$ cat protein14.cif   # mmCIF, C-alpha atoms and all ligand atoms
data_data
loop_
_atom_site.group_PDB
_atom_site.id
_atom_site.type_symbol
_atom_site.label_atom_id
_atom_site.label_comp_id
_atom_site.auth_asym_id
_atom_site.auth_seq_id
_atom_site.Cartn_x
_atom_site.Cartn_y
_atom_site.Cartn_z
ATOM 1 C CA MET A 1 -15.758 24.404 79.729
ATOM 2 C CA THR A 2 -16.935 20.946 78.623
ATOM 3 C CA LEU A 3 -16.562 19.172 75.273
ATOM 4 C CA GLU A 4 -20.098 20.362 74.390
ATOM 5 C CA THR A 5 -19.429 24.020 75.217
ATOM 6 C CA LEU A 6 -16.012 24.406 73.551
ATOM 7 C CA PRO A 7 -15.992 27.144 70.880
ATOM 8 C CA PRO A 8 -15.976 26.077 67.181
ATOM 9 C CA LEU A 9 -12.540 25.029 65.897
ATOM 10 C CA ARG A 10 -12.252 28.067 63.613
ATOM 11 C CA ASP A 11 -12.841 30.401 66.577
ATOM 12 C CA MET A 12 -10.228 28.615 68.671
ATOM 13 C CA LEU A 13 -7.673 28.904 65.832
ATOM 14 C CA ALA A 14 -8.463 32.625 65.529
ATOM 15 C CA GLU A 15 -8.290 33.227 69.311
ATOM 16 C CA HIS A 16 -4.840 31.612 69.424
ATOM 17 C CA GLY A 17 -3.690 33.391 66.231
ATOM 18 C CA LEU A 18 -2.860 30.070 64.543
ATOM 19 C CA MET A 19 -2.321 29.539 60.818
ATOM 20 C CA ALA A 20 -1.416 26.278 59.060
ATOM 21 C CA LYS A 21 2.284 25.750 58.353
ATOM 22 C CA LYS A 22 3.207 23.925 55.171
ATOM 23 C CA SER A 23 6.445 22.510 56.581
ATOM 24 C CA PHE A 24 4.441 20.491 59.159
ATOM 25 C CA GLY A 25 2.049 19.106 56.510
ATOM 26 C CA GLN A 26 -0.850 20.938 58.157
ATOM 27 C CA HIS A 27 -4.269 20.488 56.512
ATOM 28 C CA PHE A 28 -6.987 20.695 59.131
ATOM 29 C CA LEU A 29 -10.393 19.072 59.432
ATOM 30 C CA LEU A 30 -12.609 21.752 60.948
ATOM 31 C CA ASP A 31 -15.982 20.042 60.392
ATOM 32 C CA LEU A 32 -16.828 17.943 63.442
ATOM 33 C CA ASN A 33 -19.299 15.866 61.404
ATOM 34 C CA VAL A 34 -16.339 14.622 59.369
ATOM 35 C CA THR A 35 -14.078 13.964 62.367
ATOM 36 C CA ARG A 36 -16.918 12.126 64.167
ATOM 37 C CA LYS A 37 -17.314 9.889 61.133
ATOM 38 C CA ILE A 38 -13.582 9.050 61.204
ATOM 39 C CA ALA A 39 -13.815 8.282 64.932
ATOM 40 C CA ARG A 40 -16.729 5.910 64.211
ATOM 41 C CA LEU A 41 -14.650 4.148 61.538
ATOM 42 C CA ALA A 42 -12.049 3.408 64.219
ATOM 43 C CA GLY A 43 -14.487 1.013 65.938
ATOM 44 C CA PRO A 44 -15.458 1.044 69.627
ATOM 45 C CA LEU A 45 -13.341 3.571 71.546
ATOM 46 C CA GLU A 46 -15.034 3.622 74.942
ATOM 47 C CA GLY A 47 -12.525 2.492 77.561
ATOM 48 C CA ARG A 48 -9.719 2.282 75.018
ATOM 49 C CA ALA A 49 -6.492 4.201 74.601
ATOM 50 C CA VAL A 50 -6.021 6.045 71.323
ATOM 51 C CA ILE A 51 -2.728 7.339 70.011
ATOM 52 C CA GLU A 52 -3.335 10.323 67.749
ATOM 53 C CA VAL A 53 -0.449 11.744 65.757
ATOM 54 C CA GLY A 54 -0.728 15.448 64.986
ATOM 55 C CA PRO A 55 -3.857 16.688 66.800
ATOM 56 C CA GLY A 56 -3.255 20.233 65.475
ATOM 57 C CA PRO A 57 -6.380 22.281 66.344
ATOM 58 C CA GLY A 58 -7.967 19.136 67.813
ATOM 59 C CA GLY A 59 -10.990 18.451 65.582
ATOM 60 C CA LEU A 60 -10.361 14.709 65.455
ATOM 61 C CA THR A 61 -9.229 14.742 69.096
ATOM 62 C CA ARG A 62 -12.617 16.149 70.146
ATOM 63 C CA ALA A 63 -14.423 13.375 68.278
ATOM 64 C CA LEU A 64 -12.203 10.718 69.881
ATOM 65 C CA LEU A 65 -12.878 12.152 73.348
ATOM 66 C CA GLU A 66 -16.630 12.326 72.660
ATOM 67 C CA ALA A 67 -16.466 8.622 71.745
ATOM 68 C CA GLY A 68 -15.074 7.872 75.212
ATOM 69 C CA ALA A 69 -11.400 7.282 74.369
ATOM 70 C CA GLN A 70 -8.400 7.973 76.587
ATOM 71 C CA VAL A 71 -6.296 9.963 74.094
ATOM 72 C CA VAL A 72 -2.514 10.286 73.931
ATOM 73 C CA ALA A 73 -1.837 12.951 71.289
ATOM 74 C CA VAL A 74 1.660 13.488 69.875
ATOM 75 C CA GLU A 75 2.169 16.917 68.291
ATOM 76 C CA LYS A 76 5.420 18.288 66.887
ATOM 77 C CA ASP A 77 4.261 21.894 66.478
ATOM 78 C CA ALA A 78 4.462 23.537 69.912
ATOM 79 C CA ARG A 79 2.241 26.445 68.778
ATOM 80 C CA PHE A 80 -0.808 24.194 69.292
ATOM 81 C CA LEU A 81 -0.100 23.246 72.901
ATOM 82 C CA PRO A 82 -2.072 26.093 74.610
ATOM 83 C CA LEU A 83 -5.147 25.382 72.464
ATOM 84 C CA LEU A 84 -4.851 21.643 73.148
ATOM 85 C CA GLY A 85 -4.486 22.465 76.860
ATOM 86 C CA GLU A 86 -8.001 23.979 76.748
ATOM 87 C CA LEU A 87 -9.268 20.791 75.155
ATOM 88 C CA ALA A 88 -7.591 18.710 77.889
ATOM 89 C CA GLU A 89 -9.371 20.817 80.545
ATOM 90 C CA ALA A 90 -12.703 20.144 78.844
ATOM 91 C CA ALA A 91 -12.160 16.362 79.143
ATOM 92 C CA PRO A 92 -10.491 16.049 82.553
ATOM 93 C CA GLY A 93 -7.955 13.227 82.832
ATOM 94 C CA ARG A 94 -8.655 11.864 79.334
ATOM 95 C CA LEU A 95 -6.237 13.777 77.089
ATOM 96 C CA ALA A 96 -2.449 13.746 77.381
ATOM 97 C CA VAL A 97 -0.640 15.969 74.889
ATOM 98 C CA VAL A 98 2.979 15.070 74.221
ATOM 99 C CA GLU A 99 5.195 17.491 72.306
ATOM 100 C CA ALA A 100 7.387 15.211 70.183
ATOM 101 C CA ASP A 101 8.217 13.902 66.721
ATOM 102 C CA ALA A 102 5.942 10.888 66.283
ATOM 103 C CA LEU A 103 8.655 9.088 64.295
ATOM 104 C CA ALA A 104 10.860 9.084 67.383
ATOM 105 C CA VAL A 105 8.407 8.244 70.200
ATOM 106 C CA ASP A 106 8.098 4.893 71.961
ATOM 107 C CA GLU A 107 4.332 4.290 71.816
ATOM 108 C CA THR A 108 4.405 1.473 74.381
ATOM 109 C CA ALA A 109 6.148 3.697 76.934
ATOM 110 C CA LEU A 110 3.741 6.591 76.251
ATOM 111 C CA LEU A 111 0.739 4.323 76.782
ATOM 112 C CA ALA A 112 2.209 2.842 79.968
ATOM 113 C CA GLU A 113 2.591 6.391 81.300
ATOM 114 C CA HIS A 114 -0.688 7.957 80.168
ATOM 115 C CA ALA A 115 -3.179 5.106 79.618
ATOM 116 C CA PRO A 116 -1.909 2.032 81.473
ATOM 117 C CA GLY A 117 -3.613 -1.285 80.930
ATOM 118 C CA LEU A 118 -6.001 -0.182 78.162
ATOM 119 C CA PRO A 119 -6.164 -1.805 74.722
ATOM 120 C CA ALA A 120 -4.791 0.723 72.230
ATOM 121 C CA ARG A 121 -5.797 1.922 68.779
ATOM 122 C CA VAL A 122 -4.189 4.490 66.482
ATOM 123 C CA VAL A 123 -6.441 7.081 64.863
ATOM 124 C CA SER A 124 -4.911 9.995 62.956
ATOM 125 C CA ASN A 125 -5.173 12.425 60.092
ATOM 126 C CA LEU A 126 -1.505 11.931 59.276
ATOM 127 C CA PRO A 127 0.846 14.614 57.978
ATOM 128 C CA TYR A 128 1.540 13.599 54.365
ATOM 129 C CA ASN A 129 5.301 13.972 54.612
ATOM 130 C CA VAL A 130 5.676 11.315 57.333
ATOM 131 C CA GLY A 131 2.576 9.149 56.798
ATOM 132 C CA THR A 132 4.331 6.232 55.096
ATOM 133 C CA PRO A 133 7.331 5.983 57.474
ATOM 134 C CA LEU A 134 4.942 6.134 60.447
ATOM 135 C CA LEU A 135 2.824 3.339 59.011
ATOM 136 C CA ILE A 136 5.917 1.171 58.376
ATOM 137 C CA LYS A 137 6.979 1.824 61.985
ATOM 138 C CA TRP A 138 3.595 0.596 63.292
ATOM 139 C CA LEU A 139 3.453 -2.388 60.930
ATOM 140 C CA THR A 140 6.953 -3.686 61.596
ATOM 141 C CA GLY A 141 7.891 -2.362 65.045
ATOM 142 C CA PRO A 142 7.333 -3.725 68.537
ATOM 143 C CA PHE A 143 4.174 -1.643 69.197
ATOM 144 C CA ARG A 144 1.123 -3.707 68.157
ATOM 145 C CA PRO A 145 -2.133 -1.718 68.318
ATOM 146 C CA GLU A 146 -5.498 -3.459 68.343
ATOM 147 C CA ALA A 147 -6.573 -1.538 65.204
ATOM 148 C CA MET A 148 -5.749 1.608 63.215
ATOM 149 C CA ALA A 149 -7.815 4.139 61.235
ATOM 150 C CA LEU A 150 -5.470 6.461 59.361
ATOM 151 C CA MET A 151 -5.913 9.263 56.843
ATOM 152 C CA PHE A 152 -3.418 9.337 53.968
ATOM 153 C CA GLN A 153 -3.314 10.951 50.569
ATOM 154 C CA LYS A 154 -5.599 8.850 48.390
ATOM 155 C CA GLU A 155 -2.792 7.485 46.227
ATOM 156 C CA VAL A 156 -0.973 6.125 49.315
ATOM 157 C CA ALA A 157 -4.228 4.712 50.748
ATOM 158 C CA ASP A 158 -4.811 2.863 47.470
ATOM 159 C CA ARG A 159 -1.302 1.412 47.557
ATOM 160 C CA ILE A 160 -1.784 0.139 51.131
ATOM 161 C CA ALA A 161 -4.957 -1.761 50.212
ATOM 162 C CA ALA A 162 -4.048 -2.640 46.590
ATOM 163 C CA PRO A 163 -5.041 -6.103 45.340
ATOM 164 C CA VAL A 164 -2.399 -8.307 43.698
ATOM 165 C CA GLY A 165 -2.082 -7.639 39.964
ATOM 166 C CA SER A 166 -3.174 -3.985 40.177
ATOM 167 C CA GLY A 167 -0.879 -1.113 39.217
ATOM 168 C CA ALA A 168 -0.880 0.177 42.821
ATOM 169 C CA TYR A 169 0.262 -3.211 44.222
ATOM 170 C CA GLY A 170 3.785 -2.974 45.596
ATOM 171 C CA ARG A 171 5.991 -3.085 48.661
ATOM 172 C CA LEU A 172 3.744 -1.036 50.908
ATOM 173 C CA GLY A 173 0.677 -3.146 50.123
ATOM 174 C CA VAL A 174 2.512 -6.436 50.670
ATOM 175 C CA ILE A 175 3.909 -5.357 54.043
ATOM 176 C CA ALA A 176 0.573 -3.859 55.156
ATOM 177 C CA GLN A 177 -1.467 -6.896 54.066
ATOM 178 C CA ALA A 178 1.032 -9.437 55.424
ATOM 179 C CA THR A 179 0.597 -7.901 58.866
ATOM 180 C CA CYS A 180 -2.982 -6.552 58.755
ATOM 181 C CA GLN A 181 -6.370 -6.738 57.125
ATOM 182 C CA ALA A 182 -6.355 -3.444 55.185
ATOM 183 C CA SER A 183 -9.154 -1.601 53.402
ATOM 184 C CA VAL A 184 -10.013 1.925 52.257
ATOM 185 C CA VAL A 185 -13.108 2.906 54.254
ATOM 186 C CA MET A 186 -13.671 6.591 53.426
ATOM 187 C CA ASP A 187 -12.719 9.016 50.653
ATOM 188 C CA LEU A 188 -12.417 12.735 51.311
ATOM 189 C CA PRO A 189 -12.011 15.447 48.671
ATOM 190 C CA ALA A 190 -9.270 18.054 49.082
ATOM 191 C CA ARG A 191 -11.880 20.757 49.831
ATOM 192 C CA ALA A 192 -12.745 19.029 53.132
ATOM 193 C CA PHE A 193 -9.455 20.374 54.550
ATOM 194 C CA THR A 194 -8.307 23.852 55.572
ATOM 195 C CA PRO A 195 -6.178 24.779 53.689
ATOM 196 C CA PRO A 196 -6.996 22.234 50.944
ATOM 197 C CA PRO A 197 -4.060 20.050 49.867
ATOM 198 C CA LYS A 198 -3.368 19.432 46.151
ATOM 199 C CA VAL A 199 -4.728 15.876 46.239
ATOM 200 C CA ALA A 200 -7.679 13.898 47.630
ATOM 201 C CA SER A 201 -7.398 11.840 50.821
ATOM 202 C CA ALA A 202 -8.737 8.557 52.157
ATOM 203 C CA VAL A 203 -9.017 6.727 55.468
ATOM 204 C CA VAL A 204 -7.531 3.239 55.677
ATOM 205 C CA SER A 205 -8.671 0.744 58.283
ATOM 206 C CA LEU A 206 -5.976 -1.708 59.406
ATOM 207 C CA THR A 207 -6.585 -4.637 61.742
ATOM 208 C CA PRO A 208 -3.495 -6.644 62.690
ATOM 209 C CA ARG A 209 -3.696 -10.341 61.803
ATOM 210 C CA ALA A 210 -3.800 -12.796 64.700
ATOM 211 C CA GLU A 211 -0.902 -14.725 63.146
ATOM 212 C CA ALA A 212 1.408 -11.849 62.340
ATOM 213 C CA PRO A 213 4.839 -12.627 60.868
ATOM 214 C CA SER A 214 7.721 -12.607 63.375
ATOM 215 C CA SER A 215 10.161 -9.710 63.347
ATOM 216 C CA ASP A 216 12.740 -11.902 61.549
ATOM 217 C CA GLU A 217 10.183 -12.813 58.887
ATOM 218 C CA LEU A 218 9.279 -9.143 58.499
ATOM 219 C CA ALA A 219 12.922 -8.164 58.050
ATOM 220 C CA ALA A 220 13.235 -10.838 55.328
ATOM 221 C CA LEU A 221 9.947 -9.681 53.763
ATOM 222 C CA GLU A 222 11.318 -6.136 53.561
ATOM 223 C CA ARG A 223 14.437 -7.407 51.727
ATOM 224 C CA VAL A 224 12.498 -9.585 49.301
ATOM 225 C CA THR A 225 9.901 -6.925 48.439
ATOM 226 C CA GLN A 226 12.572 -4.261 48.059
ATOM 227 C CA ALA A 227 14.446 -6.408 45.525
ATOM 228 C CA ALA A 228 11.351 -7.680 43.691
ATOM 229 C CA PHE A 229 9.550 -4.339 43.351
ATOM 230 C CA GLY A 230 12.813 -2.396 42.912
ATOM 231 C CA GLN A 231 12.864 -3.985 39.449
ATOM 232 C CA ARG A 232 9.171 -4.703 39.052
ATOM 233 C CA ARG A 233 9.295 -5.223 35.274
ATOM 234 C CA LYS A 234 11.809 -8.089 35.580
ATOM 235 C CA MET A 235 11.044 -11.717 36.365
ATOM 236 C CA LEU A 236 11.763 -12.860 39.923
ATOM 237 C CA ARG A 237 14.662 -15.066 38.749
ATOM 238 C CA SER A 238 16.440 -11.871 37.784
ATOM 239 C CA SER A 239 15.142 -9.264 40.310
ATOM 240 C CA LEU A 240 15.837 -11.651 43.232
ATOM 241 C CA LYS A 241 19.214 -12.816 41.879
ATOM 242 C CA ALA A 242 21.230 -11.381 44.767
ATOM 243 C CA LEU A 243 18.966 -13.217 47.251
ATOM 244 C CA GLY A 244 19.127 -16.596 45.527
ATOM 245 C CA GLY A 245 17.006 -16.063 42.388
ATOM 246 C CA GLU A 246 15.626 -19.316 40.996
ATOM 247 C CA THR A 247 16.799 -21.441 43.965
ATOM 248 C CA LEU A 248 14.988 -19.144 46.408
ATOM 249 C CA CYS A 249 11.810 -19.222 44.313
ATOM 250 C CA GLN A 250 11.970 -23.020 44.118
ATOM 251 C CA ALA A 251 12.367 -23.321 47.899
ATOM 252 C CA ALA A 252 9.315 -21.065 48.308
ATOM 253 C CA GLY A 253 7.243 -22.899 45.689
ATOM 254 C CA ILE A 254 6.969 -19.754 43.535
ATOM 255 C CA ASP A 255 7.359 -19.623 39.739
ATOM 256 C CA ALA A 256 10.613 -17.735 39.067
ATOM 257 C CA ASN A 257 9.364 -16.598 35.647
ATOM 258 C CA VAL A 258 6.719 -14.178 36.914
ATOM 259 C CA ARG A 259 6.898 -10.500 37.840
ATOM 260 C CA ALA A 260 6.517 -9.207 41.387
ATOM 261 C CA GLU A 261 3.096 -7.660 40.775
ATOM 262 C CA THR A 262 1.526 -11.089 40.097
ATOM 263 C CA VAL A 263 2.811 -12.689 43.327
ATOM 264 C CA PRO A 264 0.191 -12.654 46.120
ATOM 265 C CA VAL A 265 1.030 -11.624 49.678
ATOM 266 C CA ASP A 266 1.258 -15.280 50.788
ATOM 267 C CA GLY A 267 3.791 -15.859 48.006
ATOM 268 C CA PHE A 268 5.991 -13.071 49.335
ATOM 269 C CA LEU A 269 5.704 -14.508 52.852
ATOM 270 C CA ALA A 270 6.828 -17.885 51.485
ATOM 271 C CA LEU A 271 9.812 -16.188 49.798
ATOM 272 C CA ALA A 272 10.672 -14.385 53.050
ATOM 273 C CA ARG A 273 10.547 -17.667 55.014
ATOM 274 C CA ALA A 274 12.705 -19.399 52.392
ATOM 275 C CA LEU A 275 15.237 -16.547 52.607
ATOM 276 C CA ARG A 276 15.527 -17.073 56.363
ATOM 277 C CA ALA A 277 15.801 -20.877 56.145
HETATM 278 N N1 LIG B 301 -5.462 16.210 63.303
HETATM 279 C C1 LIG B 301 -5.580 17.560 62.783
HETATM 280 C C2 LIG B 301 -6.803 17.666 61.906
HETATM 281 O O1 LIG B 301 -7.274 16.626 61.435
HETATM 282 O O2 LIG B 301 -7.265 18.792 61.703
HETATM 283 C C3 LIG B 301 -4.321 17.997 62.021
HETATM 284 C C4 LIG B 301 -3.887 17.096 60.889
HETATM 285 S S1 LIG B 301 -2.561 17.743 59.929
HETATM 286 C C5 LIG B 301 -2.786 16.828 58.430
HETATM 287 C C6 LIG B 301 -1.098 16.952 60.564
HETATM 288 C C7 LIG B 301 -0.661 17.309 61.982
HETATM 289 O O3 LIG B 301 0.519 16.558 62.301
HETATM 290 C C8 LIG B 301 -0.305 18.757 62.206
HETATM 291 O O4 LIG B 301 -0.867 19.194 63.416
HETATM 292 C C9 LIG B 301 1.247 18.763 62.309
HETATM 293 O O5 LIG B 301 1.759 19.805 63.091
HETATM 294 C C10 LIG B 301 1.491 17.403 62.917
HETATM 295 N N2 LIG B 301 2.813 16.821 62.625
HETATM 296 C C11 LIG B 301 3.539 16.946 61.482
HETATM 297 N N3 LIG B 301 4.665 16.192 61.556
HETATM 298 C C12 LIG B 301 4.638 15.567 62.773
HETATM 299 C C13 LIG B 301 5.507 14.668 63.441
HETATM 300 N N4 LIG B 301 6.631 14.236 62.858
HETATM 301 N N5 LIG B 301 5.193 14.243 64.690
HETATM 302 C C14 LIG B 301 4.040 14.672 65.288
HETATM 303 N N6 LIG B 301 3.167 15.526 64.697
HETATM 304 C C15 LIG B 301 3.456 15.983 63.460
#
$ encode --input "protein14.cif" --output "structure tokens" --more "lines below"
Ligand code: SAM
Amino acid sequence: MTLETLPPLRDMLAEHGLMAKKSFGQHFLLDLNVTRKIARLAGPLEGRAVIEVGPGPGGLTRALLEAGAQVVAVEKDARFLPLLGELAEAAPGRLAVVEADALAVDETALLAEHAPGLPARVVSNLPYNVGTPLLIKWLTGPFRPEAMALMFQKEVADRIAAPVGSGAYGRLGVIAQATCQASVVMDLPARAFTPPPKVASAVVSLTPRAEAPSSDELAALERVTQAAFGQRRKMLRSSLKALGGETLCQAAGIDANVRAETVPVDGFLALARALRA
């Protein structure tokens, strides 16, 4: 069997007697035209390693392999391993399937084992229940991919890319935009998935900034944004009181009489640096 001669995804699910499980956040993309489009949005994949979280029946995995990637797929639901084994045979030496919880894996170690020396990207249709914690892990942890293309529920995607001053602007957007260039690049209605979720979805493209904040700065940024957006209707002088309030704002060159949602990402970085000083 080759990638071209593999049976349709629906047939493979039926042959293996597989049904989606709600507890694993399973909503599958069974249309290869859609998964190929997502793979294209991830940029050039030829000769690159791709970490995919939750391959499930492997629709996106197929598209990533077709695009020439070396794929390391992390799947928590062991029921999918035999089906994914068939996919691995169809792309010899280019797909490693790891049965694990993606929240707990060490991506750098996985890549060193299965795709040594290749620049790495992350491309995934993420399970909704762990999408945000996974993103925070990739934005603030030691693993620094070259780029990411990730499917979230639309509301989360909008928060990641939200401009300052908008209702969706908050902690997630500040942390994502302080570390990456982030934009929503594709919307997908719920009916594109099997079974359809209750809400629409969207793909976010994230490209890490060349001058990313240090891990100390990120830790401070997490504290500042937590305090500021934890009480987003209050002025910074009051929401940041425990971290220095007006004195901290002054040191950062930020007006203490404004609310968090009007402070741009650079302003939060200045507050984080002042907190560390
Ligand atoms: N990529 C497939 C697709 O697009 O059709 C499936 C996407 S489905 C939204 C999410 C997948 O993530 C499921 O296969 C699910 O079993 C898997 N999953 C859920 N939680 C996980 C976790 N903590 N670690 C790894 N995989 C997980």
$ resolve_selection --input "protein14.cif" --expression "the PyMOL selection byres (((chain A and resi 183) around 7) and not hetatm)" --output "list in words"
Ala161, Gln181, Ala182, Val184, Val185, Val204, Ser205 and Leu206 of chain A
$ resolve_selection --input "protein14.cif" --expression "the PyMOL selection byres (((chain A and resi 124) around 12) and not hetatm)" --output "number ranges by chain"
A: 28-29, 35, 38-39, 41-42, 50-56, 58-61, 63-64, 71-75, 102, 121-123, 125-128, 131, 134-135, 147-152, 202-205
$ residues_around --input "protein14.cif" --residues "A:Gly173" --least-positions-apart "6" --cutoff "6 Å" --atoms "only C-alpha atoms" --output "VMD selection string"
chain A and resid 159 to 162
$ axis_aligned_box --input "protein14.cif" --around "ligand LIG 301 (chain B)" --padding-each-side "4 Å" --output "AutoDock Vina command-line options"
--center_x -0.3 --center_y 17.0 --center_z 61.9 --size_x 21.9 --size_y 13.6 --size_z 14.9
$ residues_around --input "protein14.cif" --residues "A:Glu113" --least-positions-apart "4" --cutoff "10 Å" --atoms "all atoms listed in the file" --output "ChimeraX atom specification"
/A:72,96,107-109,117
$ resolve_selection --input "protein14.cif" --expression "the PyMOL selection byres (((chain A and resi 140) around 10) and not hetatm)" --output "MDAnalysis selection string"
chainID A and resid 135:139 141:144 175:176 179 212:215 218:219 222
$ write_last_selection --input "protein14.cif" --atoms "C-alpha atoms" --output "tab-separated table (two decimals), in the coordinates of the input"
chain	number	residue	atom	x	y	z
A	135	LEU	CA	2.82	3.34	59.01
A	136	ILE	CA	5.92	1.17	58.38
A	137	LYS	CA	6.98	1.82	61.98
A	138	TRP	CA	3.60	0.60	63.29
A	139	LEU	CA	3.45	-2.39	60.93
A	141	GLY	CA	7.89	-2.36	65.04
A	142	PRO	CA	7.33	-3.72	68.54
A	143	PHE	CA	4.17	-1.64	69.20
A	144	ARG	CA	1.12	-3.71	68.16
A	175	ILE	CA	3.91	-5.36	54.04
A	176	ALA	CA	0.57	-3.86	55.16
A	179	THR	CA	0.60	-7.90	58.87
A	212	ALA	CA	1.41	-11.85	62.34
A	213	PRO	CA	4.84	-12.63	60.87
A	214	SER	CA	7.72	-12.61	63.38
A	215	SER	CA	10.16	-9.71	63.35
A	218	LEU	CA	9.28	-9.14	58.50
A	219	ALA	CA	12.92	-8.16	58.05
A	222	GLU	CA	11.32	-6.14	53.56
$ residues_near_point --input "protein14.cif" --point "(-14.8, 3.9, 78.3)" --cutoff "8 Å" --atoms "only C-alpha atoms" --output "VMD selection string"
chain A and resid 45 to 48 68 to 70
$ atom_distance --input "protein14.cif" --atom1 "atom CA of A:Ala228" --atom2 "atom CA of A:Ala277"
18.7 Å
$ atom_distance --input "protein14.cif" --atom1 "atom CA of A:Gly167" --atom2 "atom CA of A:Ser238"
20.4 Å
$ atom_distance --input "protein14.cif" --atom1 "atom CA of A:Gly85" --atom2 "atom CA of A:Pro197"
27.1 Å
$ closest_residue --input "protein14.cif" --among "A:Val164, A:Ala88, A:Val224, A:Leu240" --to "A:Asn257" --atoms "all atoms listed in the file"
A:Leu240
$ closest_residue --input "protein14.cif" --among "A:His114, A:Pro82, A:Lys37, A:Val199" --to "A:Gly17" --atoms "all atoms listed in the file"
A:Pro82
$ closest_residue --input "protein14.cif" --among "A:Thr132, A:Ser166, A:Thr194, A:Thr207" --to "ligand LIG 301 (chain B)" --atoms "only C-alpha atoms and all ligand atoms"
A:Thr194
$ closest_residue --input "protein14.cif" --among "A:Ala14, A:Leu103, A:Ala192, A:Ala112" --to "ligand LIG 301 (chain B)" --atoms "only C-alpha atoms and all ligand atoms"
A:Leu103
$ closest_residue --input "protein14.cif" --among "A:Gln226, A:Gln26, A:Gln250, A:Asn33" --to "ligand LIG 301 (chain B)" --atoms "all atoms listed in the file"
A:Gln26
$ closest_residue --input "protein14.cif" --among "A:Val98, A:Met12, A:Ala274, A:Val265" --to "ligand LIG 301 (chain B)" --atoms "only C-alpha atoms and all ligand atoms"
A:Val98
$ residues_around --input "protein14.cif" --residues "A:Ala242" --least-positions-apart "3" --cutoff "12 Å" --atoms "all atoms listed in the file" --output "PDB file with C-alpha atoms, in the frame of the given file"
ATOM      1  CA  ARG A 223      14.437  -7.407  51.727  1.00  0.00           C
ATOM      2  CA  VAL A 224      12.498  -9.585  49.301  1.00  0.00           C
ATOM      3  CA  GLN A 226      12.572  -4.261  48.059  1.00  0.00           C
ATOM      4  CA  ALA A 227      14.446  -6.408  45.525  1.00  0.00           C
ATOM      5  CA  ALA A 228      11.351  -7.680  43.691  1.00  0.00           C
ATOM      6  CA  LEU A 236      11.763 -12.860  39.923  1.00  0.00           C
ATOM      7  CA  ARG A 237      14.662 -15.066  38.749  1.00  0.00           C
ATOM      8  CA  SER A 238      16.440 -11.871  37.784  1.00  0.00           C
ATOM      9  CA  SER A 239      15.142  -9.264  40.310  1.00  0.00           C
ATOM     10  CA  GLY A 245      17.006 -16.063  42.388  1.00  0.00           C
ATOM     11  CA  GLU A 246      15.626 -19.316  40.996  1.00  0.00           C
ATOM     12  CA  THR A 247      16.799 -21.441  43.965  1.00  0.00           C
ATOM     13  CA  LEU A 248      14.988 -19.144  46.408  1.00  0.00           C
ATOM     14  CA  LEU A 275      15.237 -16.547  52.607  1.00  0.00           C
TER      15      LEU A 275
END
